[in-house]
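> Got a structure for you, start.cif, holding mmCIF, C-alpha atoms.
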```
data_start
loop_
_atom_site.group_PDB
_atom_site.id
_atom_site.type_symbol
_atom_site.label_atom_id
_atom_site.label_comp_id
_atom_site.auth_asym_id
_atom_site.auth_seq_id
_atom_site.Cartn_x
_atom_site.Cartn_y
_atom_site.Cartn_z
ATOM 1 C CA LEU A 1 0.000 0.000 0.000
ATOM 2 C CA LYS A 2 2.875 2.352 0.769
ATOM 3 C CA SER A 3 4.316 1.714 -2.688
ATOM 4 C CA ILE A 4 0.935 2.322 -4.339
ATOM 5 C CA LYS A 5 0.465 5.606 -2.483
ATOM 6 C CA ASN A 6 3.953 6.727 -3.454
ATOM 7 C CA SER A 7 3.327 5.947 -7.131
ATOM 8 C CA LEU A 8 0.000 7.749 -7.143
ATOM 9 C CA GLU A 9 0.818 10.845 -5.109
ATOM 10 C CA LYS A 10 4.435 11.552 -6.033
ATOM 11 C CA LYS A 11 4.521 10.358 -9.617
ATOM 12 C CA ALA A 12 0.966 10.526 -10.958
ATOM 13 C CA LYS A 13 -0.243 13.482 -8.825
ATOM 14 C CA ILE A 14 -3.307 11.518 -7.724
ATOM 15 C CA LYS A 15 -4.307 11.975 -4.086
ATOM 16 C CA PHE A 16 -7.009 10.054 -2.265
ATOM 17 C CA ASP A 17 -8.442 11.727 0.849
ATOM 18 C CA ARG A 18 -9.216 8.385 2.489
ATOM 19 C CA TRP A 19 -8.089 4.802 2.147
ATOM 20 C CA GLN A 20 -10.545 2.173 3.386
ATOM 21 C CA SER A 21 -9.443 -1.374 4.146
ATOM 22 C CA GLU A 22 -11.908 -4.258 4.021
ATOM 23 C CA ASP A 23 -10.543 -5.452 7.363
ATOM 24 C CA GLN A 24 -11.682 -2.258 9.114
ATOM 25 C CA LEU A 25 -15.178 -2.589 7.646
ATOM 26 C CA HIS A 26 -15.430 -5.954 9.395
ATOM 27 C CA LYS A 27 -13.860 -4.780 12.661
ATOM 28 C CA LYS A 28 -16.123 -1.732 12.938
ATOM 29 C CA GLY A 29 -19.255 -3.767 12.340
ATOM 30 C CA PHE A 30 -20.366 -2.298 9.026
ATOM 31 C CA VAL A 31 -20.373 -5.681 7.263
ATOM 32 C CA ASN A 32 -22.485 -7.384 9.942
ATOM 33 C CA LYS A 33 -24.837 -4.410 9.969
ATOM 34 C CA ALA A 34 -25.365 -4.771 6.217
ATOM 35 C CA LEU A 35 -26.167 -8.464 6.698
ATOM 36 C CA GLU A 36 -28.690 -7.630 9.430
ATOM 37 C CA ILE A 37 -30.432 -5.082 7.189
ATOM 38 C CA TYR A 38 -30.689 -7.663 4.420
ATOM 39 C CA LYS A 39 -32.200 -10.153 6.895
ATOM 40 C CA LYS A 40 -34.692 -7.658 8.338
ATOM 41 C CA LYS A 41 -35.974 -6.981 4.830
ATOM 42 C CA ASN A 42 -36.436 -10.751 4.302
ATOM 43 C CA LEU A 43 -34.010 -10.772 1.417
ATOM 44 C CA VAL A 44 -31.641 -13.501 2.697
ATOM 45 C CA TYR A 45 -32.097 -17.237 2.265
ATOM 46 C CA GLU A 46 -29.958 -20.377 2.574
ATOM 47 C CA LYS A 47 -29.125 -22.782 -0.236
ATOM 48 C CA ASP A 48 -26.326 -25.365 -0.529
ATOM 49 C CA GLY A 49 -25.076 -24.313 2.898
ATOM 50 C CA ALA A 50 -24.499 -20.686 1.813
ATOM 51 C CA LYS A 51 -26.449 -17.498 2.527
ATOM 52 C CA TRP A 52 -27.798 -15.685 -0.551
ATOM 53 C CA LEU A 53 -29.204 -12.221 -1.201
ATOM 54 C CA LYS A 54 -32.286 -11.892 -3.427
ATOM 55 C CA THR A 55 -30.721 -9.444 -5.843
ATOM 56 C CA THR A 56 -32.943 -10.732 -8.659
ATOM 57 C CA GLN A 57 -35.765 -8.747 -7.074
ATOM 58 C CA PHE A 58 -33.771 -5.619 -7.955
ATOM 59 C CA GLY A 59 -32.826 -6.333 -11.559
ATOM 60 C CA ASP A 60 -29.885 -8.736 -11.180
ATOM 61 C CA ASP A 61 -29.770 -11.800 -13.419
ATOM 62 C CA LYS A 62 -29.207 -14.131 -10.450
ATOM 63 C CA ASP A 63 -29.049 -14.002 -6.664
ATOM 64 C CA ARG A 64 -25.635 -13.461 -5.045
ATOM 65 C CA VAL A 65 -23.816 -15.233 -2.225
ATOM 66 C CA LEU A 66 -23.238 -13.258 0.967
ATOM 67 C CA ILE A 67 -21.621 -15.990 3.091
ATOM 68 C CA THR A 68 -20.066 -19.074 1.531
ATOM 69 C CA SER A 69 -20.865 -22.643 2.597
ATOM 70 C CA ASP A 70 -17.673 -22.750 4.667
ATOM 71 C CA GLY A 71 -18.692 -19.609 6.579
ATOM 72 C CA PHE A 72 -16.637 -16.881 4.916
ATOM 73 C CA PRO A 73 -18.215 -13.512 4.008
ATOM 74 C CA THR A 74 -17.890 -12.623 0.334
ATOM 75 C CA TYR A 75 -16.472 -9.436 -1.147
ATOM 76 C CA PHE A 76 -20.033 -8.583 -2.147
ATOM 77 C CA LEU A 77 -21.139 -8.576 1.480
ATOM 78 C CA ALA A 78 -18.185 -6.308 2.309
ATOM 79 C CA ASP A 79 -19.336 -3.994 -0.488
ATOM 80 C CA GLY A 80 -22.569 -3.579 1.457
ATOM 81 C CA GLY A 81 -20.544 -2.665 4.530
ATOM 82 C CA LEU A 82 -18.755 -0.002 2.516
ATOM 83 C CA PHE A 83 -22.087 1.471 1.446
ATOM 84 C CA LEU A 84 -23.063 1.830 5.099
ATOM 85 C CA LYS A 85 -19.666 3.355 5.928
ATOM 86 C CA ILE A 86 -20.190 5.946 3.175
ATOM 87 C CA LEU A 87 -23.708 6.728 4.380
ATOM 88 C CA SER A 88 -22.504 7.052 7.985
ATOM 89 C CA GLY A 89 -20.191 9.863 6.865
ATOM 90 C CA GLY A 90 -23.137 11.932 5.686
ATOM 91 C CA TYR A 91 -22.439 11.399 1.996
ATOM 92 C CA LYS A 92 -25.458 11.197 -0.297
ATOM 93 C CA LYS A 93 -23.781 10.110 -3.527
ATOM 94 C CA ALA A 94 -21.295 7.398 -4.438
ATOM 95 C CA ILE A 95 -19.445 6.943 -7.729
ATOM 96 C CA TYR A 96 -17.607 3.664 -8.195
ATOM 97 C CA ILE A 97 -14.864 3.292 -10.798
ATOM 98 C CA LEU A 98 -14.307 -0.348 -11.725
ATOM 99 C CA GLY A 99 -12.154 -2.240 -14.204
ATOM 100 C CA PRO A 100 -13.324 -3.988 -17.400
ATOM 101 C CA ASP A 101 -13.666 -7.371 -15.662
ATOM 102 C CA HIS A 102 -16.419 -5.985 -13.394
ATOM 103 C CA TYR A 103 -19.353 -5.632 -15.791
ATOM 104 C CA GLY A 104 -21.089 -8.446 -13.907
ATOM 105 C CA TYR A 105 -20.918 -6.407 -10.709
ATOM 106 C CA VAL A 106 -23.102 -3.540 -11.908
ATOM 107 C CA ALA A 107 -26.524 -5.099 -11.345
ATOM 108 C CA ARG A 108 -25.636 -6.628 -7.961
ATOM 109 C CA MET A 109 -24.058 -3.389 -6.733
ATOM 110 C CA ASN A 110 -27.091 -1.403 -7.831
ATOM 111 C CA ALA A 111 -29.263 -3.873 -5.925
ATOM 112 C CA ALA A 112 -27.208 -3.557 -2.735
ATOM 113 C CA ALA A 113 -27.204 0.234 -2.991
ATOM 114 C CA GLU A 114 -30.974 0.332 -3.320
ATOM 115 C CA ILE A 115 -31.550 -2.065 -0.421
ATOM 116 C CA LEU A 116 -29.188 -0.216 1.925
ATOM 117 C CA GLY A 117 -30.499 3.262 1.093
ATOM 118 C CA MET A 118 -27.774 4.619 -1.181
ATOM 119 C CA GLU A 119 -30.173 6.527 -3.405
ATOM 120 C CA ASP A 120 -27.627 8.260 -5.663
ATOM 121 C CA PHE A 121 -25.180 5.663 -6.933
ATOM 122 C CA GLU A 122 -23.316 5.408 -10.241
ATOM 123 C CA ILE A 123 -20.732 3.029 -11.661
ATOM 124 C CA ILE A 124 -18.125 3.903 -14.286
ATOM 125 C CA ILE A 125 -16.524 0.897 -16.019
ATOM 126 C CA THR A 126 -13.087 1.596 -17.442
ATOM 127 C CA GLN A 127 -11.425 -0.290 -20.282
ATOM 128 C CA THR A 128 -7.990 -1.761 -20.830
ATOM 129 C CA VAL A 129 -4.994 0.184 -22.084
ATOM 130 C CA ARG A 130 -2.512 -1.002 -24.683
ATOM 131 C CA LEU A 131 0.952 0.484 -24.902
ATOM 132 C CA MET A 132 2.144 0.864 -28.488
ATOM 133 C CA ARG A 133 5.580 1.456 -29.972
ATOM 134 C CA GLY A 134 6.183 1.551 -33.701
ATOM 135 C CA GLY A 135 2.611 0.491 -34.354
ATOM 136 C CA GLU A 136 2.938 -2.679 -32.294
ATOM 137 C CA GLU A 137 1.885 -3.527 -28.762
ATOM 138 C CA PHE A 138 4.817 -3.079 -26.417
ATOM 139 C CA LYS A 139 5.528 -4.916 -23.179
ATOM 140 C CA MET A 140 7.749 -2.655 -21.105
ATOM 141 C CA SER A 141 8.236 -5.199 -18.345
ATOM 142 C CA LYS A 142 10.066 -8.243 -19.705
ATOM 143 C CA ARG A 143 10.397 -9.717 -16.212
ATOM 144 C CA ARG A 144 6.633 -9.819 -15.642
ATOM 145 C CA GLY A 145 5.702 -10.202 -19.295
ATOM 146 C CA THR A 146 1.960 -9.838 -18.788
ATOM 147 C CA PHE A 147 1.406 -6.302 -17.544
ATOM 148 C CA VAL A 148 3.048 -2.923 -17.075
ATOM 149 C CA ALA A 149 3.000 -1.147 -13.734
ATOM 150 C CA PHE A 150 1.563 2.356 -13.786
ATOM 151 C CA GLU A 151 4.760 3.843 -12.383
ATOM 152 C CA GLU A 152 6.754 2.287 -15.233
ATOM 153 C CA LEU A 153 4.561 4.146 -17.720
ATOM 154 C CA ILE A 154 5.067 7.425 -15.841
ATOM 155 C CA ASP A 155 8.821 6.867 -15.766
ATOM 156 C CA GLU A 156 8.741 6.292 -19.534
ATOM 157 C CA ILE A 157 6.618 9.249 -20.730
ATOM 158 C CA GLY A 158 6.178 11.519 -17.692
ATOM 159 C CA SER A 159 3.227 12.536 -15.533
ATOM 160 C CA ASP A 160 1.776 15.158 -17.883
ATOM 161 C CA ALA A 161 1.591 12.829 -20.876
ATOM 162 C CA SER A 162 0.288 9.953 -18.753
ATOM 163 C CA ARG A 163 -2.551 12.054 -17.368
ATOM 164 C CA TRP A 164 -3.427 13.493 -20.776
ATOM 165 C CA PHE A 165 -3.592 10.171 -22.617
ATOM 166 C CA PHE A 166 -5.648 8.518 -19.860
ATOM 167 C CA LEU A 167 -8.106 11.408 -19.915
ATOM 168 C CA GLU A 168 -8.173 11.732 -23.687
ATOM 169 C CA ARG A 169 -10.631 8.897 -24.302
ATOM 170 C CA SER A 170 -13.984 8.055 -22.770
ATOM 171 C CA ALA A 171 -13.612 5.642 -19.846
ATOM 172 C CA ASP A 172 -15.753 3.020 -21.583
ATOM 173 C CA THR A 173 -13.557 2.788 -24.681
ATOM 174 C CA HIS A 174 -10.308 0.877 -25.180
ATOM 175 C CA MET A 175 -7.290 3.100 -25.527
ATOM 176 C CA ASP A 176 -3.881 2.797 -27.142
ATOM 177 C CA ILE A 177 -1.019 4.913 -25.828
ATOM 178 C CA ASP A 178 1.741 5.489 -28.364
ATOM 179 C CA LEU A 179 4.904 5.797 -26.279
ATOM 180 C CA GLU A 180 6.929 7.426 -29.032
ATOM 181 C CA LEU A 181 4.205 9.991 -29.721
ATOM 182 C CA ALA A 182 3.849 10.765 -26.016
ATOM 183 C CA LYS A 183 7.546 11.695 -25.823
ATOM 184 C CA LYS A 184 7.734 13.778 -28.986
ATOM 185 C CA GLN A 185 8.436 17.485 -28.617
ATOM 186 C CA SER A 186 6.438 18.495 -31.648
ATOM 187 C CA SER A 187 2.917 19.477 -32.635
ATOM 188 C CA GLU A 188 2.147 15.806 -33.313
ATOM 189 C CA ASN A 189 2.058 15.243 -29.553
ATOM 190 C CA PRO A 190 -1.204 16.764 -28.220
ATOM 191 C CA VAL A 191 0.302 17.352 -24.771
ATOM 192 C CA TYR A 192 3.244 19.276 -26.192
ATOM 193 C CA TYR A 193 0.900 21.124 -28.563
ATOM 194 C CA VAL A 194 -1.392 22.515 -25.844
ATOM 195 C CA GLN A 195 1.485 23.295 -23.480
ATOM 196 C CA TYR A 196 3.309 25.119 -26.258
ATOM 197 C CA ALA A 197 0.177 27.178 -26.928
ATOM 198 C CA HIS A 198 0.182 28.273 -23.274
ATOM 199 C CA ALA A 199 3.891 29.086 -23.412
ATOM 200 C CA ARG A 200 3.392 31.144 -26.572
ATOM 201 C CA MET A 201 0.562 33.105 -24.935
ATOM 202 C CA SER A 202 2.867 33.792 -22.004
ATOM 203 C CA SER A 203 5.624 34.933 -24.359
ATOM 204 C CA ILE A 204 3.309 37.389 -26.109
ATOM 205 C CA LEU A 205 2.264 38.929 -22.819
ATOM 206 C CA ARG A 206 5.888 39.212 -21.665
ATOM 207 C CA LYS A 207 6.915 40.999 -24.859
ATOM 208 C CA ALA A 208 3.967 43.408 -24.851
ATOM 209 C CA ARG A 209 4.798 47.114 -24.537
ATOM 210 C CA HIS A 210 1.273 48.050 -23.519
ATOM 211 C CA SER A 211 -1.001 46.601 -20.883
ATOM 212 C CA GLU A 212 -4.223 44.936 -21.955
ATOM 213 C CA SER A 213 -7.497 46.813 -21.576
ATOM 214 C CA GLN A 214 -11.138 45.862 -21.232
ATOM 215 C CA ILE A 215 -12.723 45.045 -24.567
ATOM 216 C CA ALA A 216 -16.061 46.825 -24.337
ATOM 217 C CA ASN A 217 -17.041 49.252 -27.101
ATOM 218 C CA HIS A 218 -14.469 47.947 -29.558
ATOM 219 C CA LYS A 219 -15.025 46.787 -33.108
ATOM 220 C CA PHE A 220 -13.784 43.268 -33.557
ATOM 221 C CA GLN A 221 -12.388 41.510 -36.565
ATOM 222 C CA LYS A 222 -14.112 38.249 -37.491
ATOM 223 C CA GLU A 223 -10.952 36.312 -36.537
ATOM 224 C CA GLU A 224 -11.061 37.867 -33.070
ATOM 225 C CA LEU A 225 -14.736 37.036 -32.634
ATOM 226 C CA LYS A 226 -14.206 33.448 -33.750
ATOM 227 C CA PHE A 227 -11.490 32.936 -31.140
ATOM 228 C CA MET A 228 -13.496 34.664 -28.409
ATOM 229 C CA LYS A 229 -16.480 32.414 -29.102
ATOM 230 C CA LYS A 230 -14.213 29.410 -28.564
ATOM 231 C CA LEU A 231 -13.130 30.824 -25.212
ATOM 232 C CA LEU A 232 -16.756 31.284 -24.183
ATOM 233 C CA GLU A 233 -17.428 27.557 -24.619
ATOM 234 C CA ALA A 234 -15.357 26.714 -21.516
ATOM 235 C CA PRO A 235 -18.139 27.068 -18.886
ATOM 236 C CA ASP A 236 -20.488 24.806 -20.846
ATOM 237 C CA ILE A 237 -17.770 22.170 -21.251
ATOM 238 C CA LEU A 238 -17.067 22.207 -17.513
ATOM 239 C CA GLU A 239 -20.773 21.884 -16.748
ATOM 240 C CA ASP A 240 -21.057 18.879 -19.066
ATOM 241 C CA VAL A 241 -18.033 17.169 -17.503
ATOM 242 C CA ALA A 242 -19.335 17.800 -13.976
ATOM 243 C CA ARG A 243 -22.684 16.301 -14.908
ATOM 244 C CA ASP A 244 -21.594 13.033 -16.542
ATOM 245 C CA TYR A 245 -17.853 12.691 -15.680
ATOM 246 C CA GLN A 246 -16.791 12.476 -19.338
ATOM 247 C CA ALA A 247 -13.357 14.010 -18.810
ATOM 248 C CA HIS A 248 -12.390 13.383 -22.428
ATOM 249 C CA LEU A 249 -14.641 16.315 -23.367
ATOM 250 C CA LEU A 250 -12.171 18.525 -21.501
ATOM 251 C CA THR A 251 -9.088 17.280 -23.365
ATOM 252 C CA ALA A 252 -10.948 17.660 -26.676
ATOM 253 C CA TYR A 253 -11.881 21.244 -25.809
ATOM 254 C CA ILE A 254 -8.374 22.137 -24.654
ATOM 255 C CA TYR A 255 -6.850 20.768 -27.845
ATOM 256 C CA GLY A 256 -9.439 22.647 -29.903
ATOM 257 C CA LEU A 257 -8.671 25.822 -27.958
ATOM 258 C CA ALA A 258 -4.961 25.453 -28.732
ATOM 259 C CA GLN A 259 -5.829 25.018 -32.424
ATOM 260 C CA ALA A 260 -8.077 28.086 -32.336
ATOM 261 C CA PHE A 261 -5.273 30.100 -30.779
ATOM 262 C CA SER A 262 -2.834 28.988 -33.488
ATOM 263 C CA ALA A 263 -5.282 30.209 -36.139
ATOM 264 C CA PHE A 264 -5.867 33.456 -34.247
ATOM 265 C CA TYR A 265 -2.119 34.079 -33.874
ATOM 266 C CA ARG A 266 -1.576 33.314 -37.574
ATOM 267 C CA ASP A 267 -4.338 35.619 -38.827
ATOM 268 C CA VAL A 268 -4.278 38.453 -36.274
ATOM 269 C CA LYS A 269 -1.307 40.662 -35.477
ATOM 270 C CA VAL A 270 -1.158 41.176 -31.716
ATOM 271 C CA LEU A 271 2.115 42.887 -30.833
ATOM 272 C CA ASP A 272 2.815 46.281 -32.391
ATOM 273 C CA SER A 273 -0.698 46.446 -33.829
ATOM 274 C CA GLY A 274 -1.277 50.069 -32.838
ATOM 275 C CA PRO A 275 -4.605 50.910 -31.200
ATOM 276 C CA ASP A 276 -5.738 47.294 -31.488
ATOM 277 C CA GLU A 277 -2.877 45.930 -29.395
ATOM 278 C CA SER A 278 -4.348 46.427 -25.932
ATOM 279 C CA ARG A 279 -7.609 44.739 -26.925
ATOM 280 C CA ARG A 280 -5.827 41.793 -28.482
ATOM 281 C CA LEU A 281 -3.557 41.444 -25.483
ATOM 282 C CA PHE A 282 -6.669 41.225 -23.316
ATOM 283 C CA ILE A 283 -7.959 38.393 -25.504
ATOM 284 C CA VAL A 284 -4.613 36.557 -25.273
ATOM 285 C CA LYS A 285 -4.502 37.014 -21.508
ATOM 286 C CA SER A 286 -8.039 35.658 -21.186
ATOM 287 C CA ALA A 287 -7.077 32.653 -23.307
ATOM 288 C CA LYS A 288 -3.971 32.040 -21.205
ATOM 289 C CA ASN A 289 -5.994 32.129 -17.994
ATOM 290 C CA ILE A 290 -8.588 29.699 -19.328
ATOM 291 C CA LEU A 291 -6.059 27.285 -20.826
ATOM 292 C CA GLY A 292 -3.817 27.409 -17.757
ATOM 293 C CA ASN A 293 -6.694 26.825 -15.337
ATOM 294 C CA LEU A 294 -8.041 23.901 -17.341
ATOM 295 C CA LEU A 295 -4.617 22.257 -17.518
ATOM 296 C CA LYS A 296 -4.254 22.771 -13.777
ATOM 297 C CA LEU A 297 -7.687 21.203 -13.251
ATOM 298 C CA MET A 298 -6.440 18.130 -15.111
ATOM 299 C CA GLY A 299 -3.238 18.019 -13.074
ATOM 300 C CA ILE A 300 -1.101 18.893 -16.097
ATOM 301 C CA SER A 301 1.562 21.602 -15.974
ATOM 302 C CA ALA A 302 1.097 24.849 -17.892
ATOM 303 C CA PRO A 303 4.639 26.069 -18.662
ATOM 304 C CA GLU A 304 5.400 29.749 -19.119
ATOM 305 C CA LYS A 305 8.386 28.955 -21.347
ATOM 306 C CA MET A 306 9.306 26.022 -23.609
#
```
Using structure tokens, write down the structure that the file contains.


Amino acid sequence: LKSIKNSLEKKAKIKFDRWQSEDQLHKKGFVNKALEIYKKKNLVYEKDGAKWLKTTQFGDDKDRVLITSDGFPTYFLADGGLFLKILSGGYKKAIYILGPDHYGYVARMNAAAEILGMEDFEIIITQTVRLMRGGEEFKMSKRRGTFVAFEELIDEIGSDASRWFFLERSADTHMDIDLELAKKQSSENPVYYVQYAHARMSSILRKARHSESQIANHKFQKEELKFMKKLLEAPDILEDVARDYQAHLLTAYIYGLAQAFSAFYRDVKVLDSGPDESRRLFIVKSAKNILGNLLKLMGISAPEKM
């Protein structure tokens, strides 16, 4: 566990506020309490020496074992204990993130949540990741042969690229991570591309001779308006992501924003543009703030220079 925490917090910049062991759920009585609730609602029966929960009454395709025939509580029963632990903390919503081998858990977990009073419960199923090099699947760990540890990936391509490529696709789709692409310092690499856009915005603002001004009562060129409209999409994107947890919408918007800035910078003269300079600097500064804050939200660095 210490090694896992170190990999997550120090390398991947992922911090969990709480870690909950199954052992403590048993010791603090949450698992037994879940079993008692199931019994009080007449949802437990015995068959083949085991105790079963009537999850079929709540949409599952078959009933699930709570205690095995040799007397051991199942992981599913412990899941019920965790629900009660969450509810005891005053939380009203739970979001579970499970791996691709857990599709069969969805119906039974929904059943347990409903029985135990977890009214707002959602499950996100993630998919597998393939590491690619030269167009072929690549096994970084020859000693293990079958899988690659997360920290090995971070050591190979860095935290920023790792976070970007994991967030780039919807959780329910398979993803390929091209190791060579992730390390490229060119516009082909989407991470480098968006970070370079932020660095270029910073460079423009550093070189400016005039300070930016508010943009009211100015006449805008169509190229300016097009870029500003892209900036104004940010709140809607954030609202969508907050509602359905589709973080890939954020990476798509950020990449599109970097592209829009490239077009704006190509078509619109910012520095030394006379009376238009202060207005255009204000637009660039606004873009830098939005892009930088969104990268920070994703845990990806926003460099001032590259």

> By how many Å are CA of Arg209 in chain A and CA of Ile283 in chain A apart?

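Spanning CA of Arg209 in chain A to CA of Ile283 in chain A is a straight-line distance of 15.5 Å.
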
> My list of candidates is A:Glu224, A:Gly292, A:Lys62, A:Leu297. Which is closest to Lys269 in chain A when distances are computed with all atoms listed in the file?

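Of A:Glu224, A:Gly292, A:Lys62, A:Leu297, the one nearest Lys269 in chain A, counting all atoms listed in the file, is A:Glu224.
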
> From the set A:Gln24, A:Ser88, A:Gln195, A:Gln57, which residue has the shortest atom-to-atom contact distance to Ala302 in chain A, counting only C-alpha atoms?

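Once distances to Ala302 in chain A are computed over only C-alpha atoms, the minimum belongs to A:Gln195.
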
> Using only C-alpha atoms, which protein or nucleic acid residues come within 12 Å of range 104-106 of chain A? Drop anything in the same chain fewer than 4 positions from it, and give the result as a list in words.

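Once the nearby chain positions are removed, what remains is Thr55, Phe58, Gly59, Asp60, Asp61, Lys62, Asp63, Arg64, Tyr75, Phe76, Asp79, Ile95, Tyr96, Ile97, Leu98, Gly99, Pro100, Asn110, Ala111, Ala112, Ala113, Phe121, Glu122, Ile123, Ile124 and Ile125 of chain A.
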
> Kindly indicate which residue among A:Ala242, A:Leu43, A:Leu153, A:Met306 lies nearest to Gln185 in chain A, using all atoms listed in the file for the distances.

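Checking each candidate against Gln185 in chain A, we get A:Met306 as the closest.
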
> Within 12 Å of Ala287 in chain A, counting only C-alpha atoms, which residues show up once you throw out same-chain ones fewer than 2 positions away? Write them as a ChimeraX atom specification, please.

/A:194,197-202,204-205,224,227-234,254,257-262,264-265,280-285,289-294

> Give me the residues near Arg18 in chain A as a ChimeraX atom specification, where near means some atom within 12 Å (using all atoms listed in the file) and where sequence neighbours in that chain fewer than 6 positions away do not count.

/A:5,86,89

> Residues within 7 Å of (-5.4, 3.1, -25.3), file coordinates, counting only C-alpha atoms: what are they? Give the list as a PyMOL selection string.

chain A and resi 129-131+174-177

> Between CA of Gly299 in chain A and CA of Glu136 in chain A, measure the distance and give it in Å to one decimal.

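Separation of CA of Gly299 in chain A and CA of Glu136 in chain A: 28.9 Å.
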
> Return the single residue from A:Gln127, A:Leu116, A:Asp178, A:Leu87 that is closest to Ala34 in chain A, with distances computed using all atoms listed in the file.

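Nearest candidate to Ala34 in chain A out of A:Gln127, A:Leu116, A:Asp178, A:Leu87: A:Leu116.
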
> Take the PyMOL selection byres ((chain A and resi 85) around 12), run it mentally on this structure, and tell me the resulting residues as a ChimeraX atom specification.

/A:20-22,24-26,28-34,78-84,86-92,94,116-118
